[in-house]
Structure formats: structure tokens, C-alpha cells
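To be precise, the following lines are coords39.cif, and they hold mmCIF, N, CA and C atoms.
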```cif
data_model
#
loop_
_atom_site.label_atom_id
_atom_site.label_comp_id
_atom_site.auth_asym_id
_atom_site.auth_seq_id
_atom_site.Cartn_x
_atom_site.Cartn_y
_atom_site.Cartn_z
N MET H 15 14.02 -1.46 -61.90
CA MET H 15 15.15 -0.72 -61.37
C MET H 15 15.54 -1.34 -60.03
N LYS H 16 16.83 -1.51 -59.80
CA LYS H 16 17.32 -2.07 -58.54
C LYS H 16 17.37 -0.98 -57.47
N THR H 17 17.36 -1.43 -56.23
CA THR H 17 17.43 -0.53 -55.08
C THR H 17 18.85 -0.52 -54.55
N ILE H 18 19.44 0.67 -54.45
CA ILE H 18 20.80 0.81 -53.96
C ILE H 18 20.78 1.23 -52.50
N GLY H 19 21.69 0.67 -51.72
CA GLY H 19 21.83 1.04 -50.32
C GLY H 19 23.03 1.94 -50.13
N LEU H 20 22.81 3.10 -49.56
CA LEU H 20 23.89 4.05 -49.30
C LEU H 20 24.25 4.03 -47.83
N LEU H 21 25.52 3.83 -47.52
CA LEU H 21 26.04 3.99 -46.16
C LEU H 21 26.61 5.39 -46.08
N GLY H 22 25.92 6.27 -45.39
CA GLY H 22 26.33 7.67 -45.36
C GLY H 22 26.47 8.21 -43.95
N GLY H 23 26.60 9.53 -43.89
CA GLY H 23 26.70 10.22 -42.61
C GLY H 23 28.12 10.49 -42.16
N MET H 24 29.10 10.26 -43.03
CA MET H 24 30.50 10.40 -42.62
C MET H 24 31.22 11.41 -43.51
N SER H 25 30.89 12.56 -43.49
CA SER H 25 29.85 13.30 -42.77
C SER H 25 28.59 13.35 -43.62
N TRP H 26 27.52 13.88 -43.04
CA TRP H 26 26.28 13.96 -43.82
C TRP H 26 26.48 14.84 -45.05
N GLU H 27 27.37 15.84 -44.93
CA GLU H 27 27.62 16.72 -46.07
C GLU H 27 28.24 15.96 -47.24
N SER H 28 29.07 14.98 -46.93
CA SER H 28 29.70 14.22 -48.02
C SER H 28 28.77 13.16 -48.60
N THR H 29 27.65 12.91 -47.95
CA THR H 29 26.67 11.95 -48.46
C THR H 29 25.79 12.58 -49.54
N ILE H 30 25.54 13.85 -49.43
CA ILE H 30 24.64 14.55 -50.35
C ILE H 30 25.04 14.39 -51.82
N PRO H 31 26.32 14.57 -52.18
CA PRO H 31 26.66 14.44 -53.61
C PRO H 31 26.37 13.04 -54.18
N TYR H 32 26.54 12.00 -53.37
CA TYR H 32 26.24 10.65 -53.85
C TYR H 32 24.77 10.55 -54.23
N TYR H 33 23.88 10.98 -53.35
CA TYR H 33 22.44 10.93 -53.61
C TYR H 33 22.08 11.76 -54.85
N ARG H 34 22.64 12.96 -54.91
CA ARG H 34 22.35 13.85 -56.04
C ARG H 34 22.84 13.27 -57.36
N LEU H 35 24.08 12.81 -57.39
CA LEU H 35 24.65 12.30 -58.64
C LEU H 35 23.97 11.01 -59.11
N ILE H 36 23.60 10.15 -58.19
CA ILE H 36 22.87 8.94 -58.56
C ILE H 36 21.55 9.32 -59.22
N ASN H 37 20.83 10.24 -58.62
CA ASN H 37 19.54 10.65 -59.18
C ASN H 37 19.70 11.42 -60.48
N GLU H 38 20.73 12.23 -60.60
CA GLU H 38 20.98 12.92 -61.87
C GLU H 38 21.27 11.91 -62.98
N GLY H 39 22.01 10.85 -62.65
CA GLY H 39 22.29 9.82 -63.63
C GLY H 39 21.04 9.09 -64.08
N ILE H 40 20.14 8.79 -63.14
CA ILE H 40 18.88 8.14 -63.48
C ILE H 40 18.03 9.05 -64.37
N LYS H 41 17.96 10.32 -64.00
CA LYS H 41 17.17 11.28 -64.79
C LYS H 41 17.72 11.39 -66.21
N GLN H 42 19.05 11.42 -66.32
CA GLN H 42 19.68 11.53 -67.64
C GLN H 42 19.39 10.29 -68.48
N ARG H 43 19.44 9.11 -67.86
CA ARG H 43 19.23 7.87 -68.62
C ARG H 43 17.77 7.61 -68.94
N LEU H 44 16.88 7.89 -67.99
CA LEU H 44 15.47 7.51 -68.15
C LEU H 44 14.56 8.68 -68.49
N GLY H 45 15.00 9.90 -68.18
CA GLY H 45 14.20 11.08 -68.49
C GLY H 45 13.00 11.25 -67.57
N GLY H 46 12.20 12.23 -67.91
CA GLY H 46 10.98 12.49 -67.16
C GLY H 46 11.22 12.74 -65.69
N LEU H 47 10.34 12.17 -64.88
CA LEU H 47 10.41 12.36 -63.43
C LEU H 47 11.02 11.15 -62.72
N HIS H 48 11.74 10.30 -63.47
CA HIS H 48 12.36 9.12 -62.86
C HIS H 48 13.39 9.53 -61.82
N SER H 49 13.47 8.74 -60.77
CA SER H 49 14.50 8.92 -59.76
C SER H 49 14.93 7.55 -59.26
N ALA H 50 16.07 7.51 -58.60
CA ALA H 50 16.64 6.25 -58.13
C ALA H 50 15.86 5.69 -56.95
N GLN H 51 15.86 4.37 -56.85
CA GLN H 51 15.33 3.70 -55.67
C GLN H 51 16.50 3.56 -54.70
N VAL H 52 16.47 4.34 -53.63
CA VAL H 52 17.61 4.45 -52.72
C VAL H 52 17.15 4.20 -51.29
N LEU H 53 17.96 3.42 -50.57
CA LEU H 53 17.82 3.30 -49.13
C LEU H 53 19.09 3.92 -48.53
N LEU H 54 18.93 4.74 -47.51
CA LEU H 54 20.07 5.42 -46.89
C LEU H 54 20.13 5.08 -45.42
N HIS H 55 21.29 4.63 -44.98
CA HIS H 55 21.56 4.50 -43.55
C HIS H 55 22.63 5.54 -43.23
N SER H 56 22.24 6.54 -42.47
CA SER H 56 23.16 7.61 -42.09
C SER H 56 23.61 7.35 -40.66
N VAL H 57 24.90 7.07 -40.48
CA VAL H 57 25.43 6.80 -39.14
C VAL H 57 25.71 8.11 -38.42
N ASP H 58 25.88 8.02 -37.11
CA ASP H 58 26.27 9.18 -36.31
C ASP H 58 27.78 9.36 -36.46
N PHE H 59 28.18 10.38 -37.17
CA PHE H 59 29.60 10.58 -37.47
C PHE H 59 30.43 10.78 -36.20
N HIS H 60 29.84 11.30 -35.15
CA HIS H 60 30.58 11.48 -33.90
C HIS H 60 31.17 10.15 -33.43
N GLU H 61 30.36 9.11 -33.46
CA GLU H 61 30.83 7.79 -33.02
C GLU H 61 31.93 7.26 -33.94
N ILE H 62 31.75 7.44 -35.24
CA ILE H 62 32.75 6.98 -36.21
C ILE H 62 34.06 7.73 -36.02
N GLU H 63 33.99 9.04 -35.88
CA GLU H 63 35.20 9.86 -35.72
C GLU H 63 35.94 9.50 -34.44
N GLU H 64 35.20 9.24 -33.37
CA GLU H 64 35.83 8.82 -32.10
C GLU H 64 36.60 7.52 -32.30
N CYS H 65 36.00 6.57 -32.99
CA CYS H 65 36.68 5.30 -33.27
C CYS H 65 37.93 5.53 -34.12
N GLN H 66 37.84 6.40 -35.11
CA GLN H 66 38.99 6.71 -35.96
C GLN H 66 40.13 7.27 -35.11
N ARG H 67 39.80 8.24 -34.28
CA ARG H 67 40.83 8.89 -33.46
C ARG H 67 41.52 7.91 -32.54
N ARG H 68 40.76 6.93 -32.01
CA ARG H 68 41.33 5.94 -31.09
C ARG H 68 41.96 4.76 -31.83
N GLY H 69 41.87 4.76 -33.15
CA GLY H 69 42.43 3.66 -33.93
C GLY H 69 41.61 2.38 -33.84
N GLU H 70 40.34 2.51 -33.51
CA GLU H 70 39.45 1.35 -33.34
C GLU H 70 38.77 1.00 -34.67
N TRP H 71 39.59 0.58 -35.63
CA TRP H 71 39.07 0.31 -36.96
C TRP H 71 38.17 -0.91 -36.98
N ASP H 72 38.45 -1.92 -36.14
CA ASP H 72 37.57 -3.09 -36.08
C ASP H 72 36.17 -2.70 -35.64
N LYS H 73 36.09 -1.84 -34.64
CA LYS H 73 34.77 -1.38 -34.17
C LYS H 73 34.06 -0.59 -35.27
N THR H 74 34.80 0.24 -35.96
CA THR H 74 34.22 1.01 -37.06
C THR H 74 33.69 0.07 -38.14
N GLY H 75 34.47 -0.96 -38.46
CA GLY H 75 34.03 -1.95 -39.43
C GLY H 75 32.76 -2.65 -38.98
N ASP H 76 32.68 -2.97 -37.68
CA ASP H 76 31.47 -3.61 -37.14
C ASP H 76 30.26 -2.71 -37.29
N ILE H 77 30.42 -1.44 -36.97
CA ILE H 77 29.30 -0.48 -37.07
C ILE H 77 28.79 -0.41 -38.51
N LEU H 78 29.71 -0.28 -39.44
CA LEU H 78 29.30 -0.14 -40.84
C LEU H 78 28.78 -1.45 -41.42
N ALA H 79 29.34 -2.58 -40.99
CA ALA H 79 28.83 -3.87 -41.46
C ALA H 79 27.40 -4.08 -40.97
N GLU H 80 27.12 -3.72 -39.73
CA GLU H 80 25.75 -3.83 -39.20
C GLU H 80 24.80 -2.92 -39.97
N ALA H 81 25.27 -1.73 -40.31
CA ALA H 81 24.44 -0.81 -41.10
C ALA H 81 24.16 -1.40 -42.48
N ALA H 82 25.17 -2.02 -43.09
CA ALA H 82 24.99 -2.65 -44.40
C ALA H 82 23.99 -3.79 -44.32
N LEU H 83 24.07 -4.58 -43.25
CA LEU H 83 23.11 -5.68 -43.07
C LEU H 83 21.69 -5.14 -42.91
N GLY H 84 21.56 -4.01 -42.24
CA GLY H 84 20.25 -3.37 -42.11
C GLY H 84 19.71 -2.94 -43.47
N LEU H 85 20.57 -2.41 -44.31
CA LEU H 85 20.16 -2.03 -45.66
C LEU H 85 19.75 -3.26 -46.46
N GLN H 86 20.49 -4.36 -46.27
CA GLN H 86 20.15 -5.60 -46.96
C GLN H 86 18.76 -6.10 -46.53
N ARG H 87 18.51 -6.10 -45.22
CA ARG H 87 17.20 -6.53 -44.71
C ARG H 87 16.08 -5.62 -45.21
N ALA H 88 16.39 -4.35 -45.44
CA ALA H 88 15.39 -3.39 -45.90
C ALA H 88 15.11 -3.51 -47.40
N GLY H 89 15.94 -4.28 -48.12
CA GLY H 89 15.68 -4.49 -49.53
C GLY H 89 16.72 -3.96 -50.50
N ALA H 90 17.83 -3.44 -49.99
CA ALA H 90 18.89 -2.98 -50.90
C ALA H 90 19.45 -4.15 -51.68
N GLU H 91 19.87 -3.87 -52.91
CA GLU H 91 20.43 -4.91 -53.77
C GLU H 91 21.92 -4.69 -54.04
N GLY H 92 22.48 -3.64 -53.47
CA GLY H 92 23.89 -3.32 -53.59
C GLY H 92 24.21 -2.22 -52.59
N ILE H 93 25.49 -2.10 -52.24
CA ILE H 93 25.92 -1.14 -51.22
C ILE H 93 26.96 -0.18 -51.80
N VAL H 94 26.81 1.10 -51.48
CA VAL H 94 27.81 2.12 -51.77
C VAL H 94 28.17 2.80 -50.46
N LEU H 95 29.45 2.92 -50.19
CA LEU H 95 29.95 3.60 -49.00
C LEU H 95 30.25 5.04 -49.39
N CYS H 96 29.50 5.98 -48.82
CA CYS H 96 29.55 7.40 -49.25
C CYS H 96 30.64 8.18 -48.54
N THR H 97 31.85 7.68 -48.59
CA THR H 97 33.00 8.33 -47.99
C THR H 97 34.26 7.65 -48.51
N ASN H 98 35.35 8.36 -48.59
CA ASN H 98 36.60 7.76 -49.05
C ASN H 98 37.32 7.02 -47.93
N THR H 99 37.58 7.71 -46.83
CA THR H 99 38.40 7.17 -45.76
C THR H 99 37.89 5.84 -45.22
N MET H 100 36.59 5.69 -45.09
CA MET H 100 36.05 4.48 -44.48
C MET H 100 36.17 3.25 -45.36
N HIS H 101 36.67 3.41 -46.58
CA HIS H 101 36.96 2.22 -47.39
C HIS H 101 38.08 1.40 -46.75
N LYS H 102 38.74 1.96 -45.75
CA LYS H 102 39.73 1.21 -44.97
C LYS H 102 39.09 -0.02 -44.34
N VAL H 103 37.78 0.04 -44.05
CA VAL H 103 37.09 -1.09 -43.42
C VAL H 103 36.14 -1.79 -44.40
N ALA H 104 36.35 -1.58 -45.69
CA ALA H 104 35.48 -2.20 -46.70
C ALA H 104 35.48 -3.72 -46.59
N ASP H 105 36.63 -4.32 -46.28
CA ASP H 105 36.69 -5.78 -46.16
C ASP H 105 35.76 -6.29 -45.07
N ALA H 106 35.66 -5.55 -43.96
CA ALA H 106 34.75 -5.96 -42.87
C ALA H 106 33.30 -5.92 -43.33
N ILE H 107 32.97 -4.93 -44.13
CA ILE H 107 31.60 -4.82 -44.65
C ILE H 107 31.33 -5.96 -45.64
N GLU H 108 32.25 -6.14 -46.58
CA GLU H 108 32.06 -7.15 -47.61
C GLU H 108 32.03 -8.57 -47.05
N SER H 109 32.78 -8.82 -45.98
CA SER H 109 32.82 -10.17 -45.42
C SER H 109 31.54 -10.54 -44.68
N ARG H 110 30.79 -9.54 -44.24
CA ARG H 110 29.58 -9.82 -43.46
C ARG H 110 28.29 -9.59 -44.22
N CYS H 111 28.35 -8.84 -45.29
CA CYS H 111 27.15 -8.53 -46.07
C CYS H 111 27.32 -9.14 -47.46
N SER H 112 26.35 -9.93 -47.88
CA SER H 112 26.47 -10.66 -49.14
C SER H 112 26.12 -9.82 -50.38
N LEU H 113 25.70 -8.59 -50.18
CA LEU H 113 25.33 -7.75 -51.32
C LEU H 113 26.56 -7.31 -52.10
N PRO H 114 26.40 -7.05 -53.40
CA PRO H 114 27.51 -6.45 -54.16
C PRO H 114 27.89 -5.10 -53.53
N PHE H 115 29.19 -4.85 -53.46
CA PHE H 115 29.73 -3.64 -52.83
C PHE H 115 30.52 -2.88 -53.88
N LEU H 116 30.11 -1.66 -54.16
CA LEU H 116 30.84 -0.83 -55.12
C LEU H 116 31.98 -0.14 -54.39
N HIS H 117 33.19 -0.65 -54.58
CA HIS H 117 34.37 -0.13 -53.90
C HIS H 117 34.95 1.03 -54.71
N ILE H 118 35.32 2.08 -54.02
CA ILE H 118 35.83 3.28 -54.67
C ILE H 118 37.08 2.99 -55.51
N ALA H 119 37.93 2.07 -55.06
CA ALA H 119 39.14 1.75 -55.82
C ALA H 119 38.80 1.05 -57.13
N ASP H 120 37.79 0.18 -57.10
CA ASP H 120 37.38 -0.51 -58.33
C ASP H 120 36.81 0.48 -59.34
N ALA H 121 35.92 1.35 -58.86
CA ALA H 121 35.30 2.33 -59.76
C ALA H 121 36.35 3.30 -60.31
N THR H 122 37.27 3.72 -59.46
CA THR H 122 38.33 4.63 -59.90
C THR H 122 39.23 3.94 -60.93
N GLY H 123 39.59 2.69 -60.65
CA GLY H 123 40.44 1.94 -61.57
C GLY H 123 39.79 1.76 -62.93
N ARG H 124 38.48 1.45 -62.94
CA ARG H 124 37.77 1.30 -64.22
C ARG H 124 37.75 2.62 -65.00
N ALA H 125 37.53 3.73 -64.29
CA ALA H 125 37.50 5.03 -64.96
C ALA H 125 38.87 5.38 -65.54
N ILE H 126 39.92 5.10 -64.79
CA ILE H 126 41.28 5.38 -65.26
C ILE H 126 41.60 4.53 -66.48
N THR H 127 41.33 3.24 -66.38
CA THR H 127 41.59 2.32 -67.49
C THR H 127 40.75 2.69 -68.71
N GLY H 128 39.48 2.99 -68.47
CA GLY H 128 38.58 3.37 -69.56
C GLY H 128 39.01 4.62 -70.29
N ALA H 129 39.69 5.50 -69.58
CA ALA H 129 40.19 6.74 -70.19
C ALA H 129 41.54 6.53 -70.88
N GLY H 130 42.05 5.29 -70.82
CA GLY H 130 43.32 4.98 -71.47
C GLY H 130 44.54 5.47 -70.72
N MET H 131 44.38 5.82 -69.47
CA MET H 131 45.51 6.30 -68.68
C MET H 131 46.29 5.13 -68.09
N THR H 132 47.59 5.30 -67.99
CA THR H 132 48.43 4.29 -67.35
C THR H 132 49.09 4.83 -66.08
N ARG H 133 49.11 6.14 -65.93
CA ARG H 133 49.66 6.76 -64.72
C ARG H 133 48.74 7.89 -64.29
N VAL H 134 48.49 7.98 -63.00
CA VAL H 134 47.65 9.06 -62.48
C VAL H 134 48.31 9.63 -61.22
N ARG H 135 47.94 10.83 -60.92
CA ARG H 135 48.38 11.47 -59.68
C ARG H 135 47.13 11.80 -58.88
N CYS H 136 47.13 11.44 -57.61
CA CYS H 136 45.96 11.67 -56.76
C CYS H 136 46.30 12.67 -55.67
N TRP H 137 45.39 13.58 -55.44
CA TRP H 137 45.48 14.47 -54.30
C TRP H 137 44.41 14.04 -53.32
N VAL H 138 44.78 13.95 -52.06
CA VAL H 138 43.82 13.49 -51.05
C VAL H 138 43.75 14.48 -49.90
N HIS H 139 42.61 14.47 -49.24
CA HIS H 139 42.45 15.23 -48.00
C HIS H 139 43.13 14.42 -46.90
N VAL H 140 44.16 14.97 -46.29
CA VAL H 140 44.92 14.24 -45.30
C VAL H 140 44.37 14.53 -43.91
N THR H 141 44.11 13.45 -43.17
CA THR H 141 43.69 13.54 -41.78
C THR H 141 44.65 12.70 -40.96
N PRO H 142 44.67 12.86 -39.64
CA PRO H 142 45.59 12.07 -38.83
C PRO H 142 45.36 10.56 -38.92
N TRP H 143 44.16 10.14 -39.34
CA TRP H 143 43.84 8.71 -39.29
C TRP H 143 43.72 8.04 -40.65
N ASN H 144 43.86 8.78 -41.74
CA ASN H 144 43.66 8.09 -43.02
C ASN H 144 44.98 7.64 -43.62
N ARG H 145 44.85 6.76 -44.59
CA ARG H 145 45.99 6.20 -45.31
C ARG H 145 45.66 6.23 -46.80
N ILE H 146 46.67 6.07 -47.60
CA ILE H 146 46.45 5.92 -49.04
C ILE H 146 46.04 4.47 -49.28
N PHE H 147 44.91 4.27 -49.95
CA PHE H 147 44.39 2.92 -50.17
C PHE H 147 44.67 2.41 -51.56
N ILE H 148 44.96 3.30 -52.48
CA ILE H 148 45.17 2.90 -53.86
C ILE H 148 46.64 3.12 -54.18
N ALA H 149 47.34 2.05 -54.49
CA ALA H 149 48.76 2.15 -54.79
C ALA H 149 49.00 1.93 -56.27
N GLY H 150 49.95 2.66 -56.80
CA GLY H 150 50.29 2.47 -58.21
C GLY H 150 51.08 1.19 -58.40
N GLY H 151 51.13 0.76 -59.62
CA GLY H 151 51.87 -0.47 -59.81
C GLY H 151 52.17 -0.77 -61.22
#
```

Would you write the structure of this file as C-alpha cells?
Amino acid sequence: MKTIGLLGGMSWESTIPYYRLINEGIKQRLGGLHSAQVLLHSVDFHEIEECQRRGEWDKTGDILAEAALGLQRAGAEGIVLCTNTMHKVADAIESRCSLPFLHIADATGRAITGAGMTRVRCWVHVTPWNRIFIAGG
């Protein structure tokens, strides 16, 4: 079983479902008492939110890229970012960390395509600093 690295803490409450669903998936596939091999780096959301409010996306990308590198050094074999909004800095993470990165847009696109859909409507939680990252086409 591979070890997955979770970048969480944005907020910690939104990190919990990722951990739970990953482990539920492992239990469903393997049965018994199996659980996922997970490394978690939980950042201080206060610092991230301050950067968001000030529009300091480069700094936010640096913080998360360093966290991803820490997960890589610790033995993670892939990275999942446990938040929607911070995918705005996914390129900064991917450019500095050589591990496979599961991007929310890729996973969403595969699910949509796999379901045979050609048009979807998305509802998002709107904050002063977020943008729509997935555009129709």
C-alpha cells in the first residue's frame, strides 16, 4: 500500500472528511481492520487566511510547497490538498514537489466524464478571496 500525504488544516474541520473517506475506501476495498497509510501536515490556518486576505498568494504557495516537501521527505508517495480554495496555488506546489498531486479539478473532471455528463452546474462557497477554478468549455 502506498503512503498518501495530506496537506490539511485549512481549516482543520475540512481536513477530517478527507481522512475519513480515504480510510473508509480502504476498509471497503480491503476489509478487516485495514486502514490507509497517511501522513498529515496540518498548517496553521490563521497564517494562510492572513495571506489570503492580503492577496499574498505567492507566500501561500511557498508555505504549502514547503509542507508538501516535508511530506515527501517523510515518505509520502503522493499529495492531496484537503481544501478547495487553495488549489489556486496548486501550480506552486506541483512545481516544487516531484510527487504526484491529485488536483481537485482532475478528479472532478474524471467523475463528470465517467458519469457521462457533458454539462454540470457547480455551487461554491463564496469568500472575498476565492475564484472559480474550473471553467466549462

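Among the candidate residues H:Leu44, H:Ala121, H:Val52, H:Met24, the one lying nearest to Ala88 of chain H is H:Val52, with distances computed using only C-alpha atoms.
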
Contacts of segment 59-75 of chain H at 8 Å (only C-alpha atoms; same-chain gap of 2+ positions) as a PyMOL selection string
chain H and resi 23-26+57+77-79+103-104+106-107+142-143

Counting only N, CA and C atoms, the residue among H:Gly130, H:Ser112, H:His101, H:Cys96 that lies closest to Ile30 of chain H is H:Cys96

List every residue of chain H that DSSP, applied to the backbone of this structure, assigns to alpha helix (DSSP H), and report them as a PyMOL selection string.
chain H and resi 26-44+59-68+71-88+104-110+118-128

Nearby residues (only C-alpha atoms) at most 12 Å from Leu47 of chain H, same-chain spacing under 4 positions excluded, as a PDB file with N, CA and C atoms, in the coordinates of the input:
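Final output, saved to result17.pdb:
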```pdb
ATOM      1  N   ASN H  37      20.830  10.240 -58.620  1.00  0.00           N
ATOM      2  CA  ASN H  37      19.540  10.650 -59.180  1.00  0.00           C
ATOM      3  C   ASN H  37      19.700  11.420 -60.480  1.00  0.00           C
ATOM      4  N   GLU H  38      20.730  12.230 -60.600  1.00  0.00           N
ATOM      5  CA  GLU H  38      20.980  12.920 -61.870  1.00  0.00           C
ATOM      6  C   GLU H  38      21.270  11.910 -62.980  1.00  0.00           C
ATOM      7  N   ILE H  40      20.140   8.790 -63.140  1.00  0.00           N
ATOM      8  CA  ILE H  40      18.880   8.140 -63.480  1.00  0.00           C
ATOM      9  C   ILE H  40      18.030   9.050 -64.370  1.00  0.00           C
ATOM     10  N   LYS H  41      17.960  10.320 -64.000  1.00  0.00           N
ATOM     11  CA  LYS H  41      17.170  11.280 -64.790  1.00  0.00           C
ATOM     12  C   LYS H  41      17.720  11.390 -66.210  1.00  0.00           C
ATOM     13  N   GLN H  42      19.050  11.420 -66.320  1.00  0.00           N
ATOM     14  CA  GLN H  42      19.680  11.530 -67.640  1.00  0.00           C
ATOM     15  C   GLN H  42      19.390  10.290 -68.480  1.00  0.00           C
ATOM     16  N   ARG H  43      19.440   9.110 -67.860  1.00  0.00           N
ATOM     17  CA  ARG H  43      19.230   7.870 -68.620  1.00  0.00           C
ATOM     18  C   ARG H  43      17.770   7.610 -68.940  1.00  0.00           C
TER      19      ARG H  43
END
```

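The two atoms in question, atom C of Ser56 of chain H and atom N of Ala125 of chain H, are spaced 27.7 Å apart.
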
I'd like to see the residues matched by the PyMOL selection byres (((chain H and resi 54 and name CA) around 8) and name CA) on this file, and ideally I'd get them as JSON, numbers by chain.
{"H": [19, 20, 21, 22, 52, 53, 55, 56, 85]}

note - atom CA of Cys111 of chain H and atom CA of Gly123 of chain H are separated by 22.9 Å

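Within chain H, the backbone-based DSSP assignment of strand (DSSP E or B) covers Thr17, Ile18, Gly19, Leu20, Leu21, Gly22, Gln51, Val52, Leu53, Leu54, His55, Ser56, Ile93, Val94, Leu95, Phe115 and Leu116 of chain H.
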
Using the selection just defined, write its residues with N, CA and C atoms as a compact mmCIF listing (two decimals), in the coordinates of the input.
```txt
# COMPACT_ATOMS: atom_id res chain seq x y z
N THR H 17 17.36 -1.43 -56.23
CA THR H 17 17.43 -0.53 -55.08
C THR H 17 18.85 -0.52 -54.55
N ILE H 18 19.44 0.67 -54.45
CA ILE H 18 20.80 0.81 -53.96
C ILE H 18 20.78 1.23 -52.50
N GLY H 19 21.69 0.67 -51.72
CA GLY H 19 21.83 1.04 -50.32
C GLY H 19 23.03 1.94 -50.13
N LEU H 20 22.81 3.10 -49.56
CA LEU H 20 23.89 4.05 -49.30
C LEU H 20 24.25 4.03 -47.83
N LEU H 21 25.52 3.83 -47.52
CA LEU H 21 26.04 3.99 -46.16
C LEU H 21 26.61 5.39 -46.08
N GLY H 22 25.92 6.27 -45.39
CA GLY H 22 26.33 7.67 -45.36
C GLY H 22 26.47 8.21 -43.95
N GLN H 51 15.86 4.37 -56.85
CA GLN H 51 15.33 3.70 -55.67
C GLN H 51 16.50 3.56 -54.70
N VAL H 52 16.47 4.34 -53.63
CA VAL H 52 17.61 4.45 -52.72
C VAL H 52 17.15 4.20 -51.29
N LEU H 53 17.96 3.42 -50.57
CA LEU H 53 17.82 3.30 -49.13
C LEU H 53 19.09 3.92 -48.53
N LEU H 54 18.93 4.74 -47.51
CA LEU H 54 20.07 5.42 -46.89
C LEU H 54 20.13 5.08 -45.42
N HIS H 55 21.29 4.63 -44.98
CA HIS H 55 21.56 4.50 -43.55
C HIS H 55 22.63 5.54 -43.23
N SER H 56 22.24 6.54 -42.47
CA SER H 56 23.16 7.61 -42.09
C SER H 56 23.61 7.35 -40.66
N ILE H 93 25.49 -2.10 -52.24
CA ILE H 93 25.92 -1.14 -51.22
C ILE H 93 26.96 -0.18 -51.80
N VAL H 94 26.81 1.10 -51.48
CA VAL H 94 27.81 2.12 -51.77
C VAL H 94 28.17 2.80 -50.46
N LEU H 95 29.45 2.92 -50.19
CA LEU H 95 29.95 3.60 -49.00
C LEU H 95 30.25 5.04 -49.39
N PHE H 115 29.19 -4.85 -53.46
CA PHE H 115 29.73 -3.64 -52.83
C PHE H 115 30.52 -2.88 -53.88
N LEU H 116 30.11 -1.66 -54.16
CA LEU H 116 30.84 -0.83 -55.12
C LEU H 116 31.98 -0.14 -54.39
```

Would you mind reading off the distance between atom CA of Met15 of chain H and atom C of Thr99 of chain H, one decimal, in Å?
28.7 Å

Let me know the centre plus edge lengths, in Å and rounded to one decimal, of a box with edges along x, y and z that contains all listed atoms of segment 112-120 of chain H and is padded by 8 Å on every side, as AutoDock Vina command-line options.
```
--center_x 32.2 --center_y -3.7 --center_z -53.6 --size_x 29.8 --size_y 29.9 --size_z 27.5
```

The PyMOL selection byres ((chain H and resi 118) around 8) on the file shown: which residues, as a list in words?
Val94, Leu95, Thr97, Asn98, His101, Phe115, Leu116, His117, Ala119, Asp120, Ala121, Thr122, Gly123 and Arg124 of chain H
